[in-house]
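Peer 1: Have a look at this one before I ask anything.
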Amino acid sequence: MLEIVGIDKSFGQSRILKGCSLDVRRGETVVLIGPSGSGKSTLLRCVNLLEPADGGDIFFEGANITGDFANAARIRREIGMVFQNFELFQHLSAAQNIMLAPMKVLGLSRADAHDVALDLLRKVRISDKADAFPDELSGGQQQRVAIARALAMKPKLMLYDEPTSALDPEMIREVLDVMADLSAEGMTSLVVTHEMGFARRAADKIVFMEDGRIVETASSEAFFGGSVNERAQRFLDQIL
Ligand code: ADP
Ligand code: MG
């Protein structure tokens with residue numbers, strides 16, 4: 001589904017991504033971990049064409065999308081992204097946040113888009129919040145609306161960038177449960193998170209990134225069985 005091959009990215013003189021390679025097979029959930037500043041968000045942003053890569057290739061369903069900004073709108077329709085800070089439209093209700101893109105981009109009627117929104121709100125377990133505005137929702141509820149909004153475009157791949165790191169502890173679980181359900185249903189996902197309970201539950205593969213490089217890729221079994229390299233283990237010892 002996604003194959004990242006030797007991606008390089010610099011900001012000014014700083015080399016941020018140094019030949020990163022990673023792949024996500026159809027139906028797989030891959031968890032990307034690593035210290036703050038190691039380049040995880042930059043890597044996701046390159047995949048979603050929010051940043052141009054300086055070198056290397058990104059293949060999505062076999063097509064090289066590196067630098068394909070002409071098709072960025074189509075590619076972003078097929079790759080959903082969920083951010084740390086939800087990024088909901090504050091002046092729109094939960095349902096309206098979800099309806100916007102299906103109406104504007106997919107051409108759905110208001111009634112059909114509303115049906116889609118209600119279905120998705122049920123899926124993320126907040127059917128009763130359709131008419132609530134973001135400032136009337138908890139962080140966990142807002143993030144679930146953001147997930148529903150991404151799903152409304154029927155993406156083939158979901159990218160999550162630390163989706164629970166801005167949440168109070170009691171809300172983390174409800175968001176991770178929704179993500180884990182989606183993974184179990186076969187949604188292909190690349191997830192930046194340090195929630196190792198989620199990784200243990202949902203990940204097929206764990207990738208550890210440090211200082212712009214992928215320094216370990218391991219199956220979930222190997223990873224949690226303790227057979228990872230020393231740098232990854234040291235990081236894990238800090239966060240577990
Ligand atoms: P992570 O998500 O792993 O914490 P990031 O990808 O956000 O790491 O950042 C990696 C490095 O790139 C950091 O040193 C950050 O300051 C730098 N960086 C990220 N985005 C930009 C930008 N737009 N301009 C300059 N530097 C950036
Ligand atoms: Mg980040």
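Every chain in the structure tokens takes a letter, A first, then B, and so on in the order presented; its residues are numbered from 1, and the ligands are numbered from 1 following the presented order.
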Ligand 1: which residues are within 12 Å, counting only C-alpha atoms and all ligand atoms, as an MDAnalysis selection string?
Peer 2: chainID A and resid 8:18 32:46 50:52 83:84 160:163 165 191:194 208:214
Peer 1: If we count only C-alpha atoms, what is near Leu22 (chain A) at a cut-off of 10 Å, once residues fewer than 4 positions away on the same chain are taken out, given as a short mmCIF file (atom, residue, chain, number, x, y, z; two decimals) with C-alpha atoms, in the first residue's frame?
Peer 2:
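After the write, part_6.cif holds the following:
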```cif
data_model
loop_
_atom_site.label_atom_id
_atom_site.label_comp_id
_atom_site.auth_asym_id
_atom_site.auth_seq_id
_atom_site.Cartn_x
_atom_site.Cartn_y
_atom_site.Cartn_z
CA LEU A 2 2.75 2.41 0.99
CA GLU A 3 6.45 2.11 0.29
CA ILE A 4 8.82 4.82 1.44
CA VAL A 5 12.27 4.41 -0.08
CA GLY A 6 15.27 6.42 1.09
CA ILE A 7 13.47 9.67 1.83
CA VAL A 30 2.44 0.04 11.60
CA LEU A 32 6.19 4.54 14.40
CA ILE A 58 7.20 7.32 -1.96
CA VAL A 207 9.33 1.03 13.50
CA ILE A 214 14.86 4.33 10.88
CA THR A 217 11.82 -2.40 12.22
#
```
Peer 1: Which residue is closest to Val105 (chain A)? Choose from A:Ala152, A:Ile79, A:Ile65, A:Ala53 and count only C-alpha atoms.
Peer 2: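 Smallest distance to Val105 (chain A) is found for A:Ala152.
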Peer 1: With only C-alpha atoms and all ligand atoms as the basis for distance, which of A:Leu137, A:Ala166, A:Leu176, A:Leu100 is at the shortest distance from ligand 2?
Peer 2: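 Checking each of A:Leu137, A:Ala166, A:Leu176, A:Leu100 against ligand 2, counting only C-alpha atoms and all ligand atoms, the winner is A:Ala166.
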Peer 1: Give the answer as one residue: which of A:Thr164, A:Asp181, A:Phe69, A:Glu78 has the shortest atom-to-atom distance to ligand 2, using only C-alpha atoms and all ligand atoms?
Peer 2: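 Once distances to ligand 2 are computed over only C-alpha atoms and all ligand atoms, the minimum belongs to A:Thr164.
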Peer 1: By how many Å are CA of Leu157 (chain A) and CA of Met1 (chain A) apart?
Peer 2: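 Separation of CA of Leu157 (chain A) and CA of Met1 (chain A): 7.8 Å.
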Peer 1: Point out the residue among A:Asp112, A:Met153, A:Ala203, A:Ala95 with the least atom-to-atom distance to Ser127 (chain A), counting only C-alpha atoms.
Peer 2: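 Closest to Ser127 (chain A) of all the choices is A:Ala95.
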Peer 1: Pro102 (chain A): which residues within 12 Å, counting only C-alpha atoms, same-chain residues fewer than 2 positions away excluded, as an MDAnalysis selection string?
Peer 2: chainID A and resid 77 95:100 104:117 148:155
Peer 1: Let's see if you can do this: from backbone DSSP, list all strand (DSSP E) residues in region 2-240 of chain A, as a PDB file with C-alpha atoms, in the first residue's frame.
Peer 2:
```pdb
ATOM      1  CA  LEU A   2       2.754   2.414   0.991  1.00  0.00           C
ATOM      2  CA  GLU A   3       6.445   2.111   0.290  1.00  0.00           C
ATOM      3  CA  ILE A   4       8.824   4.823   1.442  1.00  0.00           C
ATOM      4  CA  VAL A   5      12.269   4.412  -0.077  1.00  0.00           C
ATOM      5  CA  GLY A   6      15.275   6.418   1.087  1.00  0.00           C
ATOM      6  CA  ILE A   7      13.474   9.671   1.826  1.00  0.00           C
ATOM      7  CA  ASP A   8      15.686  12.693   2.529  1.00  0.00           C
ATOM      8  CA  LYS A   9      14.431  15.998   3.841  1.00  0.00           C
ATOM      9  CA  SER A  10      16.262  19.098   5.051  1.00  0.00           C
ATOM     10  CA  PHE A  11      15.015  22.341   6.526  1.00  0.00           C
ATOM     11  CA  SER A  14      19.448  20.774   9.021  1.00  0.00           C
ATOM     12  CA  ARG A  15      19.086  17.332   7.590  1.00  0.00           C
ATOM     13  CA  ILE A  16      15.907  16.027   9.227  1.00  0.00           C
ATOM     14  CA  LEU A  17      15.213  12.785   7.334  1.00  0.00           C
ATOM     15  CA  LYS A  18      18.273  10.799   6.358  1.00  0.00           C
ATOM     16  CA  GLY A  19      17.333   8.073   3.916  1.00  0.00           C
ATOM     17  CA  CYS A  20      14.217   6.733   5.636  1.00  0.00           C
ATOM     18  CA  SER A  21      12.658   3.574   4.274  1.00  0.00           C
ATOM     19  CA  LEU A  22       9.498   1.980   5.562  1.00  0.00           C
ATOM     20  CA  ASP A  23       6.611   0.041   4.134  1.00  0.00           C
ATOM     21  CA  VAL A  24       3.042  -0.607   5.108  1.00  0.00           C
ATOM     22  CA  THR A  29      -1.075  -1.282  11.164  1.00  0.00           C
ATOM     23  CA  VAL A  30       2.440   0.043  11.604  1.00  0.00           C
ATOM     24  CA  VAL A  31       3.377   1.988  14.731  1.00  0.00           C
ATOM     25  CA  LEU A  32       6.185   4.538  14.405  1.00  0.00           C
ATOM     26  CA  ILE A  33       7.939   5.500  17.630  1.00  0.00           C
ATOM     27  CA  GLY A  55      15.205  12.836  -2.316  1.00  0.00           C
ATOM     28  CA  GLY A  56      13.965   9.266  -2.337  1.00  0.00           C
ATOM     29  CA  ASP A  57      10.617   7.905  -3.451  1.00  0.00           C
ATOM     30  CA  ILE A  58       7.202   7.320  -1.963  1.00  0.00           C
ATOM     31  CA  PHE A  59       4.998   4.756  -3.648  1.00  0.00           C
ATOM     32  CA  PHE A  60       1.299   4.613  -2.846  1.00  0.00           C
ATOM     33  CA  ALA A  63       2.395   4.726  -8.063  1.00  0.00           C
ATOM     34  CA  ASN A  64       5.288   7.053  -7.308  1.00  0.00           C
ATOM     35  CA  ILE A  79      -4.798   9.153   2.622  1.00  0.00           C
ATOM     36  CA  GLY A  80      -6.628  10.320   5.739  1.00  0.00           C
ATOM     37  CA  MET A  81      -4.686  12.187   8.377  1.00  0.00           C
ATOM     38  CA  VAL A  82      -5.392  12.784  12.045  1.00  0.00           C
ATOM     39  CA  LEU A 157      -4.627   4.585   4.319  1.00  0.00           C
ATOM     40  CA  MET A 158      -4.866   6.436   7.627  1.00  0.00           C
ATOM     41  CA  LEU A 159      -1.996   8.436   9.090  1.00  0.00           C
ATOM     42  CA  TYR A 160      -2.189   9.376  12.764  1.00  0.00           C
ATOM     43  CA  ASP A 161       0.319  11.814  14.257  1.00  0.00           C
ATOM     44  CA  THR A 188      -4.285   0.193   6.694  1.00  0.00           C
ATOM     45  CA  SER A 189      -2.701   2.555   9.211  1.00  0.00           C
ATOM     46  CA  LEU A 190       0.583   4.271   9.995  1.00  0.00           C
ATOM     47  CA  VAL A 191       0.444   5.531  13.563  1.00  0.00           C
ATOM     48  CA  VAL A 192       2.910   7.753  15.395  1.00  0.00           C
ATOM     49  CA  LYS A 205       4.971  -3.972  12.952  1.00  0.00           C
ATOM     50  CA  ILE A 206       6.850  -1.399  15.021  1.00  0.00           C
ATOM     51  CA  VAL A 207       9.332   1.026  13.503  1.00  0.00           C
ATOM     52  CA  PHE A 208      11.766   2.960  15.671  1.00  0.00           C
ATOM     53  CA  MET A 209      13.151   6.241  14.406  1.00  0.00           C
ATOM     54  CA  GLU A 210      16.040   8.214  15.851  1.00  0.00           C
ATOM     55  CA  ARG A 213      16.906   7.493  10.561  1.00  0.00           C
ATOM     56  CA  ILE A 214      14.857   4.328  10.878  1.00  0.00           C
ATOM     57  CA  VAL A 215      17.018   2.307  13.220  1.00  0.00           C
ATOM     58  CA  GLU A 216      14.763  -0.673  13.891  1.00  0.00           C
ATOM     59  CA  THR A 217      11.823  -2.398  12.219  1.00  0.00           C
ATOM     60  CA  ALA A 218      10.390  -5.352  14.074  1.00  0.00           C
ATOM     61  CA  SER A 219       7.273  -7.479  14.117  1.00  0.00           C
TER      62      SER A 219
END
```
Peer 1: At what distance in Å, to one decimal, does CA of Gly186 (chain A) lie from CA of Gly27 (chain A)?
Peer 2: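 Those two atoms sit 4.6 Å apart.
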Peer 1: Just how far from CA of Leu167 (chain A) is CA of Gly139 (chain A), in Å to one decimal?
Peer 2: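 CA of Gly139 (chain A) sits 5.9 Å away from CA of Leu167 (chain A).
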Peer 1: Taking the DSSP assignment computed from this structure's backbone, write out as a count of residues only all residues of region 50-228 of chain A that belong to helix (DSSP H, G or I).
Peer 2: 82
Peer 1: I want to know what sits within 6 Å of Gln143 (chain A), based on only C-alpha atoms, with residues of the same chain fewer than 3 positions away left out; could you give that as a PyMOL selection string?
Peer 2: chain A and resi 86+140+146
